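Q: mmCIF, C-alpha atoms, saved as structure_39.cif, coming up:
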```cif
data_data
#
loop_
_atom_site.group_PDB
_atom_site.id
_atom_site.type_symbol
_atom_site.label_atom_id
_atom_site.label_comp_id
_atom_site.auth_asym_id
_atom_site.auth_seq_id
_atom_site.Cartn_x
_atom_site.Cartn_y
_atom_site.Cartn_z
ATOM 1 C CA MET A 1 32.801 -49.894 -43.079
ATOM 2 C CA LEU A 2 30.768 -46.727 -43.404
ATOM 3 C CA THR A 3 28.162 -48.121 -40.994
ATOM 4 C CA SER A 4 30.711 -48.983 -38.292
ATOM 5 C CA ARG A 5 32.295 -45.545 -38.621
ATOM 6 C CA ARG A 6 28.925 -43.890 -38.123
ATOM 7 C CA TRP A 7 28.396 -46.132 -35.111
ATOM 8 C CA ILE A 8 31.730 -45.046 -33.612
ATOM 9 C CA LEU A 9 30.906 -41.373 -34.187
ATOM 10 C CA GLY A 10 27.572 -41.879 -32.473
ATOM 11 C CA LEU A 11 29.268 -43.510 -29.499
ATOM 12 C CA ALA A 12 31.843 -40.706 -29.324
ATOM 13 C CA ALA A 13 29.042 -38.139 -29.269
ATOM 14 C CA LEU A 14 27.393 -40.003 -26.388
ATOM 15 C CA VAL A 15 30.657 -40.110 -24.411
ATOM 16 C CA CYS A 16 31.126 -36.350 -24.952
ATOM 17 C CA ALA A 17 27.575 -35.664 -23.827
ATOM 18 C CA ALA A 18 28.134 -37.750 -20.690
ATOM 19 C CA ALA A 19 31.403 -35.903 -19.950
ATOM 20 C CA LEU A 20 29.699 -32.533 -20.360
ATOM 21 C CA LEU A 21 26.867 -33.600 -18.086
ATOM 22 C CA LEU A 22 29.370 -34.757 -15.465
ATOM 23 C CA ALA A 23 31.257 -31.463 -15.682
ATOM 24 C CA TRP A 24 27.999 -29.599 -15.202
ATOM 25 C CA VAL A 25 27.025 -31.732 -12.229
ATOM 26 C CA LEU A 26 30.463 -31.234 -10.649
ATOM 27 C CA ARG A 27 30.360 -27.502 -11.174
ATOM 28 C CA ASP A 28 27.120 -27.000 -9.254
ATOM 29 C CA PRO A 29 27.242 -29.583 -6.481
ATOM 30 C CA ALA A 30 24.436 -28.145 -4.346
ATOM 31 C CA PRO A 31 22.094 -25.393 -5.475
ATOM 32 C CA GLY A 32 21.067 -24.856 -1.848
ATOM 33 C CA PRO A 33 17.880 -23.367 -0.438
ATOM 34 C CA GLY A 34 16.477 -20.569 -2.566
ATOM 35 C CA ALA A 35 17.436 -22.183 -5.885
ATOM 36 C CA GLY A 36 14.589 -21.908 -8.351
ATOM 37 C CA ILE A 37 12.944 -19.032 -6.490
ATOM 38 C CA SER A 38 12.701 -15.869 -8.575
ATOM 39 C CA SER A 39 10.040 -13.845 -6.761
ATOM 40 C CA ALA A 40 9.700 -12.582 -3.199
ATOM 41 C CA ASP A 41 6.112 -13.862 -2.887
ATOM 42 C CA ASP A 42 7.148 -17.495 -3.453
ATOM 43 C CA PRO A 43 5.942 -19.658 -0.522
ATOM 44 C CA ASP A 44 9.523 -20.898 0.018
ATOM 45 C CA VAL A 45 11.196 -17.497 0.482
ATOM 46 C CA SER A 46 12.915 -16.558 3.704
ATOM 47 C CA VAL A 47 14.423 -13.411 5.171
ATOM 48 C CA ALA A 48 17.127 -14.335 7.672
ATOM 49 C CA SER A 49 17.404 -10.824 9.133
ATOM 50 C CA ALA A 50 17.433 -7.153 8.175
ATOM 51 C CA ALA A 51 21.237 -7.230 8.390
ATOM 52 C CA VAL A 52 21.515 -10.156 5.951
ATOM 53 C CA LYS A 53 19.082 -8.429 3.583
ATOM 54 C CA ALA A 54 21.199 -5.255 3.590
ATOM 55 C CA ALA A 55 24.448 -7.204 3.170
ATOM 56 C CA VAL A 56 23.302 -9.280 0.186
ATOM 57 C CA ARG A 57 21.709 -6.307 -1.595
ATOM 58 C CA GLU A 58 24.972 -4.394 -1.269
ATOM 59 C CA ARG A 59 27.147 -7.314 -2.357
ATOM 60 C CA ALA A 60 24.849 -8.140 -5.309
ATOM 61 C CA ALA A 61 25.096 -4.526 -6.527
ATOM 62 C CA GLU A 62 28.864 -4.505 -6.134
ATOM 63 C CA GLY A 63 29.253 -7.888 -7.829
ATOM 64 C CA ALA A 64 26.914 -7.165 -10.757
ATOM 65 C CA ALA A 65 28.595 -3.807 -11.423
ATOM 66 C CA ALA A 66 32.017 -5.480 -11.440
ATOM 67 C CA ALA A 67 30.936 -8.477 -13.534
ATOM 68 C CA TYR A 68 29.249 -6.349 -16.205
ATOM 69 C CA SER A 69 31.969 -3.664 -16.470
ATOM 70 C CA TYR A 70 35.321 -3.805 -18.281
ATOM 71 C CA ALA A 71 37.566 -1.586 -20.331
ATOM 72 C CA TRP A 72 40.026 -2.840 -22.952
ATOM 73 C CA GLU A 73 42.894 -0.923 -21.316
ATOM 74 C CA THR A 74 42.297 -2.319 -17.809
ATOM 75 C CA LEU A 75 40.915 -5.768 -18.643
ATOM 76 C CA ALA A 76 43.211 -7.706 -16.284
ATOM 77 C CA GLU A 77 42.439 -5.477 -13.273
ATOM 78 C CA ASP A 78 38.712 -5.410 -14.091
ATOM 79 C CA LYS A 79 38.589 -9.198 -14.285
ATOM 80 C CA ALA A 80 40.500 -9.591 -11.006
ATOM 81 C CA ALA A 81 38.082 -7.217 -9.264
ATOM 82 C CA ALA A 82 35.045 -9.130 -10.548
ATOM 83 C CA ARG A 83 36.519 -12.571 -9.779
ATOM 84 C CA ALA A 84 37.250 -11.554 -6.179
ATOM 85 C CA LEU A 85 33.494 -11.357 -5.552
ATOM 86 C CA MET A 86 32.636 -14.773 -7.082
ATOM 87 C CA THR A 87 32.578 -18.426 -6.006
ATOM 88 C CA ALA A 88 35.033 -20.742 -7.781
ATOM 89 C CA ALA A 89 32.303 -22.188 -10.034
ATOM 90 C CA MET A 90 31.126 -18.697 -11.000
ATOM 91 C CA GLN A 91 34.744 -17.672 -11.703
ATOM 92 C CA ASP A 92 35.019 -20.558 -14.218
ATOM 93 C CA ARG A 93 31.910 -19.460 -16.085
ATOM 94 C CA TYR A 94 33.026 -15.818 -15.995
ATOM 95 C CA ASP A 95 36.507 -16.721 -17.298
ATOM 96 C CA ARG A 96 35.009 -18.593 -20.258
ATOM 97 C CA THR A 97 32.723 -15.644 -21.105
ATOM 98 C CA MET A 98 35.545 -13.119 -20.828
ATOM 99 C CA ALA A 99 37.924 -15.278 -22.932
ATOM 100 C CA GLY A 100 35.431 -14.767 -25.739
ATOM 101 C CA VAL A 101 35.408 -10.972 -25.461
ATOM 102 C CA ALA A 102 39.130 -10.325 -24.805
ATOM 103 C CA THR A 103 40.329 -10.293 -28.432
ATOM 104 C CA ALA A 104 37.434 -8.282 -29.806
ATOM 105 C CA SER A 105 37.628 -5.744 -26.955
ATOM 106 C CA GLN A 106 41.315 -5.035 -27.715
ATOM 107 C CA ARG A 107 40.592 -4.658 -31.434
ATOM 108 C CA ASP A 108 37.540 -2.390 -30.954
ATOM 109 C CA ARG A 109 38.821 -0.608 -27.819
ATOM 110 C CA THR A 110 35.634 -1.585 -26.014
ATOM 111 C CA VAL A 111 34.588 0.102 -22.778
ATOM 112 C CA VAL A 112 31.580 -1.348 -20.942
ATOM 113 C CA SER A 113 30.340 0.370 -17.801
ATOM 114 C CA ALA A 114 27.554 -1.040 -15.677
ATOM 115 C CA GLU A 115 25.589 1.199 -13.340
ATOM 116 C CA VAL A 116 23.338 -0.442 -10.752
ATOM 117 C CA VAL A 117 20.068 1.478 -10.684
ATOM 118 C CA ASP A 118 18.362 -0.429 -7.867
ATOM 119 C CA THR A 119 18.323 -3.727 -5.952
ATOM 120 C CA ALA A 120 15.606 -5.751 -4.215
ATOM 121 C CA LEU A 121 15.649 -8.925 -2.178
ATOM 122 C CA VAL A 122 14.015 -12.104 -3.475
ATOM 123 C CA THR A 123 15.091 -14.474 -0.705
ATOM 124 C CA ALA A 124 17.909 -14.773 1.845
ATOM 125 C CA SER A 125 18.740 -17.506 4.311
ATOM 126 C CA SER A 126 21.917 -17.103 6.354
ATOM 127 C CA THR A 127 23.927 -18.941 3.647
ATOM 128 C CA HIS A 128 22.090 -18.517 0.304
ATOM 129 C CA ALA A 129 20.407 -15.489 -1.257
ATOM 130 C CA ARG A 130 18.853 -14.102 -4.402
ATOM 131 C CA VAL A 131 18.656 -10.425 -5.338
ATOM 132 C CA LEU A 132 16.958 -8.753 -8.313
ATOM 133 C CA VAL A 133 19.247 -6.040 -9.717
ATOM 134 C CA PHE A 134 18.431 -3.426 -12.364
ATOM 135 C CA VAL A 135 21.592 -2.622 -14.331
ATOM 136 C CA ASN A 136 22.162 0.028 -17.009
ATOM 137 C CA GLN A 137 25.022 -1.123 -19.206
ATOM 138 C CA ARG A 138 26.721 1.381 -21.503
ATOM 139 C CA THR A 139 28.990 0.045 -24.248
ATOM 140 C CA SER A 140 31.296 2.157 -26.396
ATOM 141 C CA GLY A 141 33.890 1.050 -28.916
ATOM 142 C CA ASP A 142 35.311 1.676 -32.385
ATOM 143 C CA ASP A 143 32.783 -0.762 -33.841
ATOM 144 C CA LEU A 144 29.841 1.330 -32.548
ATOM 145 C CA ALA A 145 28.776 4.598 -34.166
ATOM 146 C CA GLN A 146 27.446 5.717 -30.785
ATOM 147 C CA PRO A 147 27.433 4.187 -27.302
ATOM 148 C CA ALA A 148 24.786 1.498 -26.745
ATOM 149 C CA LEU A 149 22.623 1.431 -23.627
ATOM 150 C CA ASP A 150 21.083 -1.784 -22.299
ATOM 151 C CA LEU A 151 18.510 -1.707 -19.508
ATOM 152 C CA ASP A 152 19.110 -5.099 -17.900
ATOM 153 C CA ARG A 153 17.345 -7.155 -15.270
ATOM 154 C CA VAL A 154 19.702 -9.504 -13.495
ATOM 155 C CA LEU A 155 18.878 -12.174 -10.955
ATOM 156 C CA VAL A 156 21.965 -12.513 -8.742
ATOM 157 C CA THR A 157 22.446 -15.644 -6.633
ATOM 158 C CA LEU A 158 24.833 -15.430 -3.693
ATOM 159 C CA ARG A 159 26.385 -17.940 -1.359
ATOM 160 C CA ARG A 160 28.080 -17.301 1.973
ATOM 161 C CA GLU A 161 31.586 -18.770 1.986
ATOM 162 C CA GLY A 162 34.026 -18.322 4.856
ATOM 163 C CA GLY A 163 31.942 -15.514 6.320
ATOM 164 C CA GLU A 164 31.750 -13.617 3.029
ATOM 165 C CA TRP A 165 28.929 -13.327 0.479
ATOM 166 C CA LYS A 166 30.058 -14.384 -3.021
ATOM 167 C CA LEU A 167 28.218 -14.327 -6.355
ATOM 168 C CA SER A 168 27.438 -17.898 -7.433
ATOM 169 C CA GLU A 169 25.153 -17.152 -10.399
ATOM 170 C CA LEU A 170 24.303 -14.245 -12.673
ATOM 171 C CA ASP A 171 21.148 -14.662 -14.684
ATOM 172 C CA ALA A 172 20.272 -11.898 -17.170
ATOM 173 C CA LEU A 173 16.497 -12.170 -17.534
ATOM 174 C CA MET B 1 14.984 -37.422 16.341
ATOM 175 C CA ALA B 2 14.573 -36.985 12.584
ATOM 176 C CA ILE B 3 12.269 -34.031 13.126
ATOM 177 C CA GLY B 4 14.729 -32.500 15.568
ATOM 178 C CA LEU B 5 17.513 -32.818 13.005
ATOM 179 C CA VAL B 6 15.421 -31.213 10.280
ATOM 180 C CA VAL B 7 14.522 -28.289 12.505
ATOM 181 C CA THR B 8 18.030 -27.618 13.765
ATOM 182 C CA SER B 9 19.598 -27.929 10.309
ATOM 183 C CA ARG B 10 17.297 -25.241 8.919
ATOM 184 C CA ASP B 11 18.651 -21.742 8.572
ATOM 185 C CA ALA B 12 17.717 -19.086 11.054
ATOM 186 C CA VAL B 13 14.813 -17.122 9.621
ATOM 187 C CA ASP B 14 13.102 -13.978 10.872
ATOM 188 C CA ALA B 15 9.488 -15.181 10.599
ATOM 189 C CA GLU B 16 8.011 -11.705 10.974
ATOM 190 C CA LEU B 17 10.235 -10.165 8.281
ATOM 191 C CA THR B 18 9.607 -13.126 5.987
ATOM 192 C CA ALA B 19 5.821 -12.814 6.321
ATOM 193 C CA ALA B 20 5.941 -9.045 5.859
ATOM 194 C CA GLN B 21 8.052 -9.364 2.710
ATOM 195 C CA ARG B 22 5.758 -12.029 1.253
ATOM 196 C CA ASP B 23 2.643 -9.886 1.911
ATOM 197 C CA VAL B 24 3.958 -6.786 0.192
ATOM 198 C CA ALA B 25 5.426 -8.845 -2.662
ATOM 199 C CA ALA B 26 2.069 -10.513 -3.370
ATOM 200 C CA ALA B 27 0.296 -7.123 -3.406
ATOM 201 C CA ALA B 28 2.921 -5.671 -5.754
ATOM 202 C CA ARG B 29 2.670 -8.661 -8.108
ATOM 203 C CA ALA B 30 -1.104 -8.250 -8.371
ATOM 204 C CA GLU B 31 -0.795 -4.519 -9.005
ATOM 205 C CA ALA B 32 1.995 -4.851 -11.598
ATOM 206 C CA LEU B 33 0.022 -7.510 -13.494
ATOM 207 C CA ALA B 34 -3.178 -5.424 -13.363
ATOM 208 C CA PHE B 35 -1.256 -2.364 -14.585
ATOM 209 C CA LEU B 36 0.287 -4.209 -17.561
ATOM 210 C CA THR B 37 -2.899 -6.019 -18.627
ATOM 211 C CA VAL B 38 -4.743 -4.506 -21.603
ATOM 212 C CA ASP B 39 -7.816 -5.753 -23.444
ATOM 213 C CA HIS B 40 -9.420 -3.244 -25.796
ATOM 214 C CA GLU B 41 -12.696 -5.195 -25.706
ATOM 215 C CA ASP B 42 -13.218 -4.740 -21.971
ATOM 216 C CA MET B 43 -11.106 -2.032 -20.338
ATOM 217 C CA ASP B 44 -13.369 -0.989 -17.448
ATOM 218 C CA PRO B 45 -12.832 -4.030 -15.173
ATOM 219 C CA LEU B 46 -9.083 -3.884 -15.885
ATOM 220 C CA ILE B 47 -8.897 -0.243 -14.820
ATOM 221 C CA ASP B 48 -11.015 -1.057 -11.747
ATOM 222 C CA ALA B 49 -8.545 -3.810 -10.831
ATOM 223 C CA VAL B 50 -5.620 -1.353 -10.927
ATOM 224 C CA LEU B 51 -7.567 1.158 -8.822
ATOM 225 C CA ALA B 52 -8.500 -1.548 -6.277
ATOM 226 C CA GLY B 53 -4.793 -1.881 -5.422
ATOM 227 C CA ALA B 54 -3.925 1.812 -5.744
ATOM 228 C CA THR B 55 -3.919 4.787 -3.396
ATOM 229 C CA GLY B 56 -2.841 8.427 -3.177
ATOM 230 C CA GLU B 57 -1.307 10.166 -6.147
ATOM 231 C CA PHE B 58 -1.102 7.036 -8.281
ATOM 232 C CA ALA B 59 -4.807 6.261 -7.788
ATOM 233 C CA GLU B 60 -5.786 9.859 -8.618
ATOM 234 C CA GLN B 61 -3.678 10.045 -11.756
ATOM 235 C CA TYR B 62 -4.777 6.642 -12.983
ATOM 236 C CA GLU B 63 -8.471 7.449 -12.433
ATOM 237 C CA GLN B 64 -8.005 10.658 -14.431
ATOM 238 C CA GLN B 65 -6.544 8.600 -17.303
ATOM 239 C CA ARG B 66 -9.501 6.194 -17.480
ATOM 240 C CA GLU B 67 -11.055 7.683 -20.617
ATOM 241 C CA THR B 68 -7.752 8.208 -22.420
ATOM 242 C CA LEU B 69 -6.578 4.675 -21.630
ATOM 243 C CA THR B 70 -9.829 3.148 -22.838
ATOM 244 C CA ARG B 71 -9.939 5.288 -25.996
ATOM 245 C CA GLU B 72 -6.334 4.484 -26.927
ATOM 246 C CA ALA B 73 -6.770 0.748 -26.265
ATOM 247 C CA VAL B 74 -9.864 0.665 -28.487
ATOM 248 C CA ARG B 75 -8.296 2.833 -31.219
ATOM 249 C CA THR B 76 -5.176 0.641 -31.474
ATOM 250 C CA GLU B 77 -7.045 -2.643 -30.777
ATOM 251 C CA ALA B 78 -4.498 -3.321 -28.065
ATOM 252 C CA THR B 79 -4.077 -6.380 -25.886
ATOM 253 C CA SER B 80 -1.297 -7.044 -23.399
ATOM 254 C CA VAL B 81 -0.820 -10.259 -21.433
ATOM 255 C CA PRO B 82 1.897 -9.839 -18.787
ATOM 256 C CA GLU B 83 3.914 -12.228 -16.654
ATOM 257 C CA VAL B 84 6.199 -11.496 -13.726
ATOM 258 C CA VAL B 85 9.687 -12.837 -14.408
ATOM 259 C CA SER B 86 11.202 -11.776 -11.099
ATOM 260 C CA LEU B 87 10.149 -9.646 -8.148
ATOM 261 C CA GLY B 88 12.066 -8.406 -5.114
ATOM 262 C CA VAL B 89 11.517 -6.176 -2.116
ATOM 263 C CA GLY B 90 13.785 -3.192 -1.441
ATOM 264 C CA ASP B 91 13.567 -1.019 1.658
ATOM 265 C CA GLN B 92 10.631 -1.976 3.847
ATOM 266 C CA ASP B 93 9.298 -0.840 7.215
ATOM 267 C CA ALA B 94 6.015 -1.392 9.044
ATOM 268 C CA ASP B 95 3.922 0.737 6.685
ATOM 269 C CA SER B 96 5.905 1.408 3.515
ATOM 270 C CA ALA B 97 7.947 -0.605 1.020
ATOM 271 C CA THR B 98 9.616 -0.405 -2.383
ATOM 272 C CA VAL B 99 9.235 -3.341 -4.772
ATOM 273 C CA LEU B 100 11.083 -3.980 -8.045
ATOM 274 C CA VAL B 101 9.398 -6.056 -10.748
ATOM 275 C CA ALA B 102 10.877 -7.537 -13.926
ATOM 276 C CA ALA B 103 7.915 -8.322 -16.185
ATOM 277 C CA ASN B 104 7.430 -9.438 -19.788
ATOM 278 C CA SER B 105 4.249 -8.677 -21.676
ATOM 279 C CA THR B 106 2.988 -10.176 -24.918
ATOM 280 C CA VAL B 107 1.466 -7.268 -26.799
ATOM 281 C CA THR B 108 -0.731 -7.121 -29.886
ATOM 282 C CA ASN B 109 -2.138 -3.990 -31.524
ATOM 283 C CA SER B 110 -2.916 -2.571 -34.942
ATOM 284 C CA GLY B 111 0.839 -1.983 -35.394
ATOM 285 C CA THR B 112 1.992 -5.555 -34.669
ATOM 286 C CA GLY B 113 -0.044 -7.047 -37.540
ATOM 287 C CA GLY B 114 -1.770 -9.663 -35.399
ATOM 288 C CA GLU B 115 1.564 -11.056 -34.191
ATOM 289 C CA GLY B 116 2.299 -10.947 -30.449
ATOM 290 C CA GLN B 117 5.415 -8.968 -29.530
ATOM 291 C CA VAL B 118 7.179 -9.441 -26.219
ATOM 292 C CA ARG B 119 7.975 -6.245 -24.298
ATOM 293 C CA TYR B 120 10.435 -6.218 -21.405
ATOM 294 C CA TYR B 121 9.684 -4.010 -18.416
ATOM 295 C CA ARG B 122 11.385 -2.823 -15.238
ATOM 296 C CA LEU B 123 8.950 -1.429 -12.682
ATOM 297 C CA ARG B 124 9.392 0.216 -9.280
ATOM 298 C CA LEU B 125 6.347 0.304 -6.993
ATOM 299 C CA GLU B 126 6.090 2.298 -3.779
ATOM 300 C CA LEU B 127 3.543 0.682 -1.482
ATOM 301 C CA VAL B 128 1.962 1.861 1.744
ATOM 302 C CA ARG B 129 0.038 -0.100 4.330
ATOM 303 C CA GLU B 130 -3.502 1.197 4.861
ATOM 304 C CA ASP B 131 -6.085 -0.682 6.944
ATOM 305 C CA GLU B 132 -4.022 -3.900 6.920
ATOM 306 C CA ARG B 133 -3.626 -3.827 3.123
ATOM 307 C CA TRP B 134 -0.617 -2.975 0.944
ATOM 308 C CA LEU B 135 -1.612 -0.406 -1.700
ATOM 309 C CA THR B 136 0.484 1.147 -4.460
ATOM 310 C CA GLY B 137 0.931 4.905 -4.145
ATOM 311 C CA ASN B 138 3.483 5.262 -6.930
ATOM 312 C CA LEU B 139 4.414 3.137 -9.946
ATOM 313 C CA GLN B 140 7.212 3.936 -12.394
ATOM 314 C CA PHE B 141 9.042 2.412 -15.315
ATOM 315 C CA VAL B 142 12.723 2.353 -14.340
ATOM 316 C CA ARG B 143 15.007 3.916 -16.929
#
```
The structure in this file should be written as C-alpha cells.

A:
Amino acid sequence: MLTSRRWILGLAALVCAAALLLAWVLRDPAPGPGAGISSADDPDVSVASAAVKAAVRERAAEGAAAAYSYAWETLAEDKAAARALMTAAMQDRYDRTMAGVATASQRDRTVVSAEVVDTALVTASSTHARVLVFVNQRTSGDDLAQPALDLDRVLVTLRREGGEWKLSELDAL
Amino acid sequence: MAIGLVVTSRDAVDAELTAAQRDVAAAARAEALAFLTVDHEDMDPLIDAVLAGATGEFAEQYEQQRETLTREAVRTEATSVPEVVSLGVGDQDADSATVLVAANSTVTNSGTGGEGQVRYYRLRLELVREDERWLTGNLQFVR
C-alpha cells in the first residue's frame, strides 16, 4: 500500500515536471538570432544599422527603468507603464514577479526608483537585439532604516513586434 | 536554391558597422581583463599588458601608479582573476568609442583568509583609434 502510494507520488511529480517543461517551451517559442550572445565581440553579433542601434538602446533604457521602478501608491499605473513595453511572454513573467511584491510593498510603503546610468549595444539584427544597461536602483520603505542603493547590470533582450521594439527578457547579471 | 533562401532570410546587417563594433569590443575586453588581473608574485608583465592597450591620460596615470600598484599587491598578497560577463558598445564613430563592461573578479588577499571572493564591477572605457588600433584613453568604475 505504502509502496504503491509512493509510486503514484513519483508519477505525479513526473507529470508536473513535464507540464512545467511544456509551459516553459510554449512561453519562449523562438529565441531568435542573438540569443545566447552576451558580448559585442562575439563572432555572431550583428549591427543592423546606426538607427536600429540608437532605437534599441533608447527602448532598453526606457523599458529597464519602467520594469525596475514602482511605488506602493501608484503600483497599478507603474505596472501598466512597464507592461506596455514588453512582449506577452515577458508580461507573464513580470506579472508573476510583481504579484510577489504587491502585498509587501503596500505594508512597507515601498518606493523603488531605477535610474539608467548608461547603455551599450551587444547585438542588433532588424528584429532581435541585446543591450547592456547599467541601472542604479534606490529602494526606500518603512522596513528600511535608510534607502538602499543597488548598482545593477542588466542584459536586456528586445524583439521587434508590429514595428515596435519590446522587451522580451530582463537578465540581472 | 537552399543557399539563396538562407541568404534572403537573413536579417539586413551593416557589415562595416558590425566589424567596427567587434574590433573595438575585442580591444576593450582585453584591456578590461588586463586592468582587473592582479598577481602579487608577478606584477610587472600585468602592468605592461595594461599599458600596451592604453594611451593618453589613462596610460600616463597608470604608468605613474606602477610602483604603488606593485607595492600594494605584494603587501596584501593580492590576486584577482576576472571574467567578462557582458560587454556592449555605446556611441562609436570612426576613431572613438565608449564601451561598457560588466565583469566579475575572483579576489584573494590577506583579508579574505585564503578564500576567493567574487567582486562585481561596472566599467566604462573610452577608446580611440590610433594607427589602426583601438586604445583605451580613459577607464572608470561606474557608480

Q: Around the point (8.5, -11.3, 12.8) (coordinates from the file), which residues reach within 12 Å if we count all atoms listed in the file? Answer as a ChimeraX atom specification.

A: /A:46-50 /B:13-22,93-94

Q: If you apply the PyMOL selection byres ((chain A and resi 36) around 12) to this file, what residues do you get, as an MDAnalysis selection string?

A: (chainID A and resid 31:35 37:40 42:45 122:123 128:130 155:157 169 171) or (chainID B and resid 85:86)

Q: Would you list the contacts of segment 125-139 of chain B as a PyMOL selection string, taking every protein, DNA or RNA residue within 10 Å and counting all atoms listed in the file, but skipping same-chain residues closer than 3 positions in sequence?

A: chain B and resi 23-29+31-32+35+50-61+89-101+142

Q: Would you mind telling me which residue in A:Arg83, A:Arg93, A:Lys166, A:Arg57 lies nearest to chain B when using all atoms listed in the file?

A: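 Going through A:Arg83, A:Arg93, A:Lys166, A:Arg57 one by one, the smallest distance to chain B is for A:Arg57.
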
Q: Between A:Ser168, A:Ser69, A:Thr110, A:Thr97, which has the minimum distance to Leu85 of chain A (counting all atoms listed in the file)?

A: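 Looking only at the distances to Leu85 of chain A, the closest residue turns out to be A:Ser168.
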
Q: Distance atom CA of Leu123 of chain B-atom CA of Phe141 of chain B, one decimal place?

A: 4.7 Å

Q: Show me, as lines of an AutoDock Vina configuration file, the centre and edge lengths in Å to one decimal of the axis-aligned box that covers every listed atom of segment 100-118 of chain B with 8 Å on each side.

A:
```
center_x = 4.1
center_y = -6.5
center_z = -22.8
size_x = 30.0
size_y = 25.1
size_z = 45.5
```

Q: Which residue out of A:Glu161, A:Asp92, A:Asp108, A:Asp41 has the minimum interatomic distance to chain B when all atoms listed in the file are used?

A: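 Between A:Glu161, A:Asp92, A:Asp108, A:Asp41, the residue approaching chain B most closely is A:Asp41.
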
Q: What gap, in Å, lies between atom CA of Ser110 of chain B and atom CA of Glu77 of chain B?

A: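 Distance reported for this atom pair: 5.9 Å.
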
Q: Could you jot down the atom CA of Ala82 of chain A to atom CA of Asp150 of chain A separation for me, Å, one decimal place?

A: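 So the answer is 19.7 Å.
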
Q: Could you tell me, as a PDB file with C-alpha atoms, in the coordinates of the input, exactly which residues end up selected when the PyMOL selection byres ((chain A and resi 116) around 8) is applied to this structure?

A:
```
ATOM      1  CA  ALA A  61      25.096  -4.526  -6.527  1.00  0.00           C
ATOM      2  CA  ALA A  64      26.914  -7.165 -10.757  1.00  0.00           C
ATOM      3  CA  ALA A  65      28.595  -3.807 -11.423  1.00  0.00           C
ATOM      4  CA  ALA A 114      27.554  -1.040 -15.677  1.00  0.00           C
ATOM      5  CA  GLU A 115      25.589   1.199 -13.340  1.00  0.00           C
ATOM      6  CA  VAL A 117      20.068   1.478 -10.684  1.00  0.00           C
ATOM      7  CA  ASP A 118      18.362  -0.429  -7.867  1.00  0.00           C
ATOM      8  CA  THR A 119      18.323  -3.727  -5.952  1.00  0.00           C
ATOM      9  CA  VAL A 133      19.247  -6.040  -9.717  1.00  0.00           C
ATOM     10  CA  PHE A 134      18.431  -3.426 -12.364  1.00  0.00           C
ATOM     11  CA  VAL A 135      21.592  -2.622 -14.331  1.00  0.00           C
ATOM     12  CA  ASN A 136      22.162   0.028 -17.009  1.00  0.00           C
TER      13      ASN A 136
END
```

Q: Taking only C-alpha atoms into account, which of A:Ala148, A:Ser125, A:Val112, A:Arg138 comes nearest chain B?

A: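 So, comparing all the options, the nearest one is A:Ser125.
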
Q: Rank nothing, just name the residue among A:Asp152, A:Asp142, A:Glu62, A:Asp95 nearest to chain B, using all atoms listed in the file.

A: A:Asp152
